[in-house]
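Asker: Contents of protein_15.cif (mmCIF, C-alpha atoms):
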```cif
data_coords
loop_
_atom_site.group_PDB
_atom_site.id
_atom_site.type_symbol
_atom_site.label_atom_id
_atom_site.label_comp_id
_atom_site.auth_asym_id
_atom_site.auth_seq_id
_atom_site.Cartn_x
_atom_site.Cartn_y
_atom_site.Cartn_z
ATOM 1 C CA MET A 1 -7.909 -1.050 -43.526
ATOM 2 C CA ASN A 2 -4.944 -3.104 -44.628
ATOM 3 C CA GLY A 3 -2.234 -3.703 -42.041
ATOM 4 C CA TYR A 4 -1.150 -5.556 -38.940
ATOM 5 C CA VAL A 5 -0.530 -5.071 -35.230
ATOM 6 C CA LEU A 6 2.742 -6.718 -34.173
ATOM 7 C CA PHE A 7 2.683 -7.750 -30.518
ATOM 8 C CA ARG A 8 4.541 -9.937 -28.050
ATOM 9 C CA LEU A 9 3.298 -12.615 -25.669
ATOM 10 C CA GLY A 10 6.218 -13.879 -23.621
ATOM 11 C CA GLU A 11 9.167 -14.080 -26.010
ATOM 12 C CA ARG A 12 7.049 -14.941 -29.089
ATOM 13 C CA ARG A 13 6.039 -12.259 -31.596
ATOM 14 C CA PHE A 14 2.592 -12.421 -33.228
ATOM 15 C CA VAL A 15 0.605 -10.313 -35.668
ATOM 16 C CA THR A 16 -3.110 -9.769 -35.989
ATOM 17 C CA LYS A 17 -5.002 -7.934 -38.682
ATOM 18 C CA LEU A 18 -5.363 -4.254 -37.968
ATOM 19 C CA ASP A 19 -9.070 -4.560 -38.809
ATOM 20 C CA GLU A 20 -9.549 -6.666 -35.648
ATOM 21 C CA VAL A 21 -8.178 -3.919 -33.382
ATOM 22 C CA ARG A 22 -10.226 -0.837 -32.586
ATOM 23 C CA GLU A 23 -7.362 0.838 -30.713
ATOM 24 C CA ILE A 24 -4.280 0.167 -28.587
ATOM 25 C CA VAL A 25 -3.821 1.483 -25.045
ATOM 26 C CA ARG A 26 -1.283 1.011 -22.254
ATOM 27 C CA LEU A 27 -2.403 -1.369 -19.517
ATOM 28 C CA SER A 28 -2.567 0.863 -16.486
ATOM 29 C CA GLY A 29 -5.037 1.063 -13.630
ATOM 30 C CA LEU A 30 -6.384 -2.464 -13.999
ATOM 31 C CA GLU A 31 -9.042 -2.931 -11.323
ATOM 32 C CA PRO A 32 -10.419 -6.346 -10.376
ATOM 33 C CA LEU A 33 -14.070 -6.154 -9.390
ATOM 34 C CA PRO A 34 -16.003 -8.219 -6.850
ATOM 35 C CA GLY A 35 -17.672 -11.160 -8.558
ATOM 36 C CA MET A 36 -15.513 -10.886 -11.668
ATOM 37 C CA ARG A 37 -14.040 -14.262 -12.528
ATOM 38 C CA PRO A 38 -11.367 -15.419 -14.932
ATOM 39 C CA PRO A 39 -10.810 -15.047 -17.735
ATOM 40 C CA LEU A 40 -11.771 -11.450 -16.970
ATOM 41 C CA ALA A 41 -8.807 -9.797 -15.288
ATOM 42 C CA GLY A 42 -10.657 -6.600 -14.441
ATOM 43 C CA ILE A 43 -11.484 -3.260 -15.971
ATOM 44 C CA VAL A 44 -9.583 -0.184 -16.990
ATOM 45 C CA VAL A 45 -11.286 3.168 -17.356
ATOM 46 C CA LEU A 46 -10.940 4.345 -20.943
ATOM 47 C CA ARG A 47 -12.200 7.856 -21.654
ATOM 48 C CA GLY A 48 -14.553 7.657 -18.674
ATOM 49 C CA ARG A 49 -15.989 4.247 -19.588
ATOM 50 C CA PRO A 50 -15.164 0.868 -18.014
ATOM 51 C CA LEU A 51 -13.396 -1.486 -20.431
ATOM 52 C CA PRO A 52 -13.427 -5.197 -19.511
ATOM 53 C CA VAL A 53 -9.968 -6.726 -19.988
ATOM 54 C CA LEU A 54 -9.264 -10.363 -20.798
ATOM 55 C CA ASP A 55 -5.682 -11.368 -20.034
ATOM 56 C CA VAL A 56 -3.843 -13.830 -22.309
ATOM 57 C CA ARG A 57 -0.398 -13.202 -20.811
ATOM 58 C CA ALA A 58 1.638 -15.715 -18.810
ATOM 59 C CA ALA A 59 0.137 -16.782 -15.468
ATOM 60 C CA ASP A 60 2.717 -14.862 -13.401
ATOM 61 C CA VAL A 61 1.635 -11.500 -14.882
ATOM 62 C CA VAL A 62 -2.103 -12.066 -15.426
ATOM 63 C CA GLY A 63 -4.130 -9.347 -13.745
ATOM 64 C CA THR A 64 -1.197 -6.967 -13.256
ATOM 65 C CA ASP A 65 -0.513 -3.546 -14.751
ATOM 66 C CA GLY A 66 2.074 -3.241 -17.476
ATOM 67 C CA GLY A 67 1.864 -4.255 -21.070
ATOM 68 C CA ASP A 68 -0.663 -3.123 -23.616
ATOM 69 C CA VAL A 69 -4.318 -3.688 -24.399
ATOM 70 C CA LEU A 70 -5.672 -4.469 -27.842
ATOM 71 C CA VAL A 71 -9.199 -3.067 -27.823
ATOM 72 C CA MET A 72 -11.505 -5.072 -30.060
ATOM 73 C CA ASP A 73 -15.197 -5.176 -30.843
ATOM 74 C CA VAL A 74 -17.245 -8.087 -29.495
ATOM 75 C CA ASP A 75 -20.922 -7.984 -30.408
ATOM 76 C CA GLY A 76 -20.891 -4.181 -30.520
ATOM 77 C CA ASP A 77 -19.049 -3.711 -27.214
ATOM 78 C CA ALA A 78 -15.415 -2.776 -26.642
ATOM 79 C CA VAL A 79 -13.353 -5.502 -24.958
ATOM 80 C CA GLY A 80 -9.637 -5.358 -24.153
ATOM 81 C CA VAL A 81 -7.095 -8.132 -24.629
ATOM 82 C CA ALA A 82 -3.970 -7.725 -22.487
ATOM 83 C CA VAL A 83 -0.663 -8.569 -24.203
ATOM 84 C CA ASP A 84 2.920 -8.135 -23.012
ATOM 85 C CA GLN A 85 3.809 -5.464 -25.545
ATOM 86 C CA VAL A 86 2.631 -3.958 -28.813
ATOM 87 C CA LEU A 87 5.764 -3.651 -30.925
ATOM 88 C CA ALA A 88 4.447 -1.873 -34.026
ATOM 89 C CA VAL A 89 1.538 -1.095 -36.293
ATOM 90 C CA LEU A 90 2.557 -2.152 -39.782
ATOM 91 C CA GLY A 91 1.241 -1.433 -43.242
ATOM 92 C CA GLY A 92 0.023 -4.380 -45.278
ATOM 93 C CA SER A 93 3.071 -4.295 -47.540
ATOM 94 C CA GLU A 94 5.577 -4.340 -44.662
ATOM 95 C CA LEU A 95 5.236 -8.098 -44.131
ATOM 96 C CA GLN A 96 5.710 -10.878 -46.621
ATOM 97 C CA THR A 97 3.171 -13.659 -46.866
ATOM 98 C CA GLY A 98 4.688 -16.874 -45.560
ATOM 99 C CA GLU A 99 3.729 -20.471 -45.942
ATOM 100 C CA PRO A 100 0.363 -21.718 -44.659
ATOM 101 C CA PRO A 101 0.388 -22.617 -40.954
ATOM 102 C CA ALA A 102 1.036 -26.235 -40.048
ATOM 103 C CA ARG A 103 -2.215 -28.083 -39.322
ATOM 104 C CA ALA A 104 -0.890 -29.049 -35.888
ATOM 105 C CA LEU A 105 -0.859 -25.402 -34.762
ATOM 106 C CA PRO A 106 -3.817 -24.135 -32.717
ATOM 107 C CA ASP A 107 -6.875 -22.959 -34.671
ATOM 108 C CA TYR A 108 -6.186 -19.332 -33.758
ATOM 109 C CA VAL A 109 -3.090 -19.358 -36.012
ATOM 110 C CA VAL A 110 -4.662 -18.435 -39.340
ATOM 111 C CA GLY A 111 -1.518 -17.669 -41.326
ATOM 112 C CA VAL A 112 2.181 -16.955 -41.351
ATOM 113 C CA ARG A 113 3.818 -13.653 -42.265
ATOM 114 C CA ARG A 114 7.515 -12.816 -42.435
ATOM 115 C CA ASP A 115 9.635 -9.833 -41.541
ATOM 116 C CA ALA A 116 13.409 -9.356 -41.443
ATOM 117 C CA ASN A 117 13.589 -11.316 -38.163
ATOM 118 C CA GLY A 118 11.745 -14.409 -39.389
ATOM 119 C CA PRO A 119 8.266 -15.885 -39.323
ATOM 120 C CA LEU A 120 5.372 -14.297 -37.446
ATOM 121 C CA LEU A 121 2.228 -16.207 -36.582
ATOM 122 C CA LEU A 122 -0.902 -14.422 -37.794
ATOM 123 C CA VAL A 123 -3.620 -14.883 -35.173
ATOM 124 C CA ASP A 124 -7.344 -14.285 -35.037
ATOM 125 C CA LEU A 125 -7.951 -12.585 -31.661
ATOM 126 C CA HIS A 126 -11.424 -14.075 -31.190
ATOM 127 C CA LEU A 127 -10.063 -17.580 -31.788
ATOM 128 C CA LEU A 128 -7.061 -16.869 -29.523
ATOM 129 C CA LEU A 129 -9.478 -15.998 -26.728
ATOM 130 C CA ASP A 130 -11.527 -19.115 -27.434
ATOM 131 C CA VAL A 131 -8.435 -21.279 -26.851
ATOM 132 C CA THR A 132 -6.571 -19.398 -24.116
ATOM 133 C CA THR A 133 -9.385 -18.038 -21.981
ATOM 134 C CA LEU A 134 -12.076 -20.715 -21.962
ATOM 135 C CA GLY A 135 -15.445 -19.300 -21.117
ATOM 136 C CA TRP A 136 -14.590 -15.715 -22.036
ATOM 137 C CA ARG A 137 -17.848 -15.142 -23.909
ATOM 138 C CA ASP A 138 -19.834 -16.589 -20.990
ATOM 139 C CA ALA A 139 -17.869 -14.490 -18.490
ATOM 140 C CA LEU A 140 -18.615 -11.334 -20.495
ATOM 141 C CA ALA A 141 -22.298 -12.273 -20.747
ATOM 142 C CA ASP A 142 -22.412 -12.994 -17.001
ATOM 143 C CA GLN A 143 -20.781 -9.639 -16.237
ATOM 144 C CA VAL A 144 -23.259 -7.803 -18.465
ATOM 145 C CA ALA A 145 -26.101 -9.567 -16.622
ATOM 146 C CA VAL A 146 -24.634 -8.539 -13.236
ATOM 147 C CA ASP A 147 -24.214 -4.920 -14.378
ATOM 148 C CA ALA A 148 -27.808 -4.703 -15.692
#
```
Can you give me the file's structure in the form of structure tokens?

Answerer:
Amino acid sequence: MNGYVLFRLGERRFVTKLDEVREIVRLSGLEPLPGMRPPLAGIVVLRGRPLPVLDVRAADVVGTDGGDVLVMDVDGDAVGVAVDQVLAVLGGSELQTGEPPARALPDYVVGVRRDANGPLLLVDLHLLLDVTTLGWRDALADQVAVDA
């Protein structure tokens, strides 16, 4: 599927490829669980199933309700990434391709797109988690081991 999810973290707008996002849900009912450690913020119940949520928002709102969750696939399991706000789902032709990202930008910035308001950083969600929530894969593996 060709397209993008436009979302906000703090005051900065980002896009990610629509193919990376399974679905988008409101962040409501976030429950921390005993033994759950950062970067896992907790779970939300999505259609009767617990969804682990990793929070990449600013420190003063991490682990709180409000915002949106980008649900993505990680090794066959659904995992949520909390963001401040999903602004739009855009078709592939709605954004112009911008210049390549500067090499000094973090590895999760894989491109630049443009809309009427200026440049948008194209991010890879898996790489964003690698940089912003160190140990997220280990935390998920640990949680799966605890649940088993």

Asker: What would the selection look like, as a PyMOL selection string, if the PyMOL selection byres ((chain A and resi 52) around 8) were run on the coordinates I just shared?

Answerer: chain A and resi 40-44+50-51+53-54+78-80

Asker: Produce the centre coordinates and the three edge lengths, each in Å to one decimal, of the box along x, y and z that contains all listed atoms of stretch 94-110 of chain A with 6 Å added on each side, as lines of an AutoDock Vina configuration file.

Answerer:
```
center_x = -0.6
center_y = -16.7
center_z = -39.8
size_x = 24.6
size_y = 36.7
size_z = 26.1
```

Asker: Scan for residues within 12 Å of the point (-17.2, -4.4, -28.9) in the coordinates of the file, using only C-alpha atoms, and reply as a PyMOL selection string.

Answerer: chain A and resi 20-23+51-53+70-81+126+137+140

Asker: Give me, please, the distance in Å between atom CA of A:Arg113 and atom CA of A:Gly67, quoted to one decimal.

Answerer: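 Between these atoms lies a distance of 23.3 Å.
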
Asker: Written as a list in words, which residues does the PyMOL selection byres ((chain A and resi 83) around 8) give for the file shown?

Answerer: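 Applying the PyMOL selection byres ((chain A and resi 83) around 8) to the structure shown produces Phe7, Arg8, Leu9, Asp55, Val56, Arg57, Gly67, Asp68, Val69, Leu70, Val81, Ala82, Asp84, Gln85 and Val86 of chain A.
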
Asker: Name the residues that the PyMOL selection byres ((chain A and resi 93-98) around 6) picks from the file above, as a list in words, using the file's chain letters and numbers.

Answerer: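 Going through the file, the PyMOL selection byres ((chain A and resi 93-98) around 6) ends up selecting Gly91, Gly92, Glu99, Val112, Arg113, Arg114 and Asp115 of chain A.
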
Asker: Quick check, in Å to one decimal: how far apart do atom CA of A:Val109 and atom CA of A:Asp124 lie?

Answerer: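 So the answer is 6.7 Å.
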
Asker: Give the answer as one residue: which of A:Arg49, A:Tyr4, A:Tyr108, A:Leu30 has the shortest atom-to-atom distance to A:Leu18, using all atoms listed in the file?

Answerer: A:Tyr4

Asker: Quick one: distance from atom CA of A:Ser28 to atom CA of A:Val45 in Å, one decimal?

Answerer: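 Computing the Euclidean distance for atom CA of A:Ser28 and atom CA of A:Val45 yields 9.1 Å.
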
Asker: Check the smallest atom-to-atom distance from each of A:Gly118, A:Thr132, A:Gly66, A:Ala88 to A:Gly3 using only C-alpha atoms, then report the winner.

Answerer: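 So, comparing all the options, the nearest one is A:Ala88.
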
Asker: For A:Lys17, which residue out of A:Arg37, A:Gly48, A:Ala116, A:Leu125 is the nearest one, using all atoms listed in the file?

Answerer: A:Leu125

Asker: Measuring between all atoms listed in the file, which one of A:Val89, A:Leu6, A:Val15, A:Ala104 shows the shortest distance to A:Leu128?

Answerer: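 Nearest candidate to A:Leu128 out of A:Val89, A:Leu6, A:Val15, A:Ala104: A:Val15.
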